[in-house]
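Peer 1: Mind looking over this structure? Questions follow.
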Amino acid sequence: MVFFQSKIVFFGTPEFAGIVLESLIKNGFKPNLIITQPDQPLGRKQKLTSPPVKELALSNGLKIAQPKNKIELKKIFEKDKVDLAILVAYGMIIPAEILKKPVYGFLNLHPSLLPKYRGASPIQGAILNGEEKTGVSIIKMTEVVDAGPILNQEVVAVDKNDNNETLSRKLAEVGSKILIETIPLYLEGKIKFINQNESLASFTQIIKRQDGQVDWQKSADFLDRQKRAFSSWPGIFTHLGQKRLKIANLSVSEGDFKANLKSGEVFLGPNSGLAVKCGQGAVELKTVQLEGKKKMTGKDFLRGQKDLVGKILKYF
RNA sequence: CGCGGGGUAGAGCAGUAGCAGCUCGCCAGGCCCAUAACCUGGAGGUCGUGGGUGCAACUCCCACCCCCGCAA
């Protein structure tokens, strides 16, 4: 049982990594050191906030390091000998020289069926593209990000109602499970590596606020996927004059009724709801929030915006 | 001192010194085969809190509390 004596370092930052870390701890893979991103000033008051992984590490009495840059990261690996590093959504690219430091290298849990959806937003990417299935992959990290050989992989179905959070949770749970199965086998040398087929690789980018803006030329169905993909951040929004209108909840009306309306035109939906024509189909905005205001139903919103019906929402 | 919006009837908003209003909801009545439609009437507000200036403050000034968007 070589892994019980192994010195393991865990790299991770957000909630997703927290779920995996918690599972590792419960199953006897208690890391000797947790490396996570530095605390960030968050919120209106710029409160210094710890990443979820740090909170979890603290409550489990684990040693924590929060290097601010690659130089500080290197120092950590100069001091200590490490057998294995496990990296899950850490948030910094690991320099090649550090990848070589642990005896057994770095394993990475990536929430997609590699080589598809490499990069920063695999979960959102899968939802946005309407994939019916995605999954998790464990790879051995190489210099090229997300391109290392695959140790294990498991498919996870994407539900029609899955959003970023719900799918992340599923993937984190399945990922934890296969990670726990795979680590011992890997350390005992019983794993066969499968090289990724580079010709099938696809990439996802870091999500920016702008990705949440609604383009009314797109189909209603796409908007629904966009809403689900970016549900935690940045959400989806459109513009009303100079102000941003966040769309917290919407429902899709399929088909091409209201064909006489222009894309982005506001009309009175069923039950006096707030509805908008899309490139294809239409959506009813169930819950909206105007900049500086509280969330409210589309119906309530219309009451204070009587001249809204007939206006055309723009995409900048 | 990061930037900014807001707190007025149950809900959403307008009003920016001189009787507190609109849409919806609610209550009562009417019309109708009928209705979420339409008509008539009605209830419901210490205009976030505390001070100040004014003959007069929701409105101007000061302080404070609360809610929210951006940024990160």
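Identifiers in the structure tokens: chain A, B, ... in order shown; residue index from 1 per chain; ligand index from 1 in order shown.
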Return the neighbours of chain A among the residues of chain B, cut-off 8 Å, counting only C-alpha atoms (C1' of nucleotides), as a PyMOL selection string.
Peer 2: chain B and resi 5-6+11-13+23-24+36+67-69+72
Peer 1: Among stretch 102-255 of chain A, which ones does DSSP place in helix (DSSP H, G or I), written as a ChimeraX atom specification?
Peer 2: /A:122-128,164-187,198-200,209-212,220-229
Peer 1: Considering only C-alpha atoms (C1' of nucleotides), return as a ChimeraX atom specification whatever protein or nucleic-acid residues lie within 10 Å of B:G7, sequence-local ones (same chain, fewer than 5 positions apart) excluded.
Peer 2: /B:47-48,66-67
Peer 1: From the set A:Cys278, A:Val214, A:Ile236, A:Val156, which residue has the shortest atom-to-atom contact distance to A:Tyr315, counting only C-alpha atoms?
Peer 2: A:Val214
Peer 1: When distances are computed from only C-alpha atoms, which of A:Gly279, A:Gly269, A:Gly12, A:Gly61 shows the smallest separation from A:Met92?
Peer 2: A:Gly12
Peer 1: With a distance cut-off of 12 Å and only C-alpha atoms (C1' of nucleotides), select the neighbouring residues of A:Asp211, excluding the residue or stretch itself and same-chain residues fewer than 3 positions from it, and output the selection as a list in words.
Peer 2: Ser121, Gln124, Gly125, Leu128, Gln205, Ile206, Ile207, Lys208, Val214, Asp215, Leu223, Gln226, Lys227, Ala229, Phe230, Ser231, Trp233, Pro234, Gly235, Ile236, Phe237, Thr238, Tyr315 and Phe316 of chain A
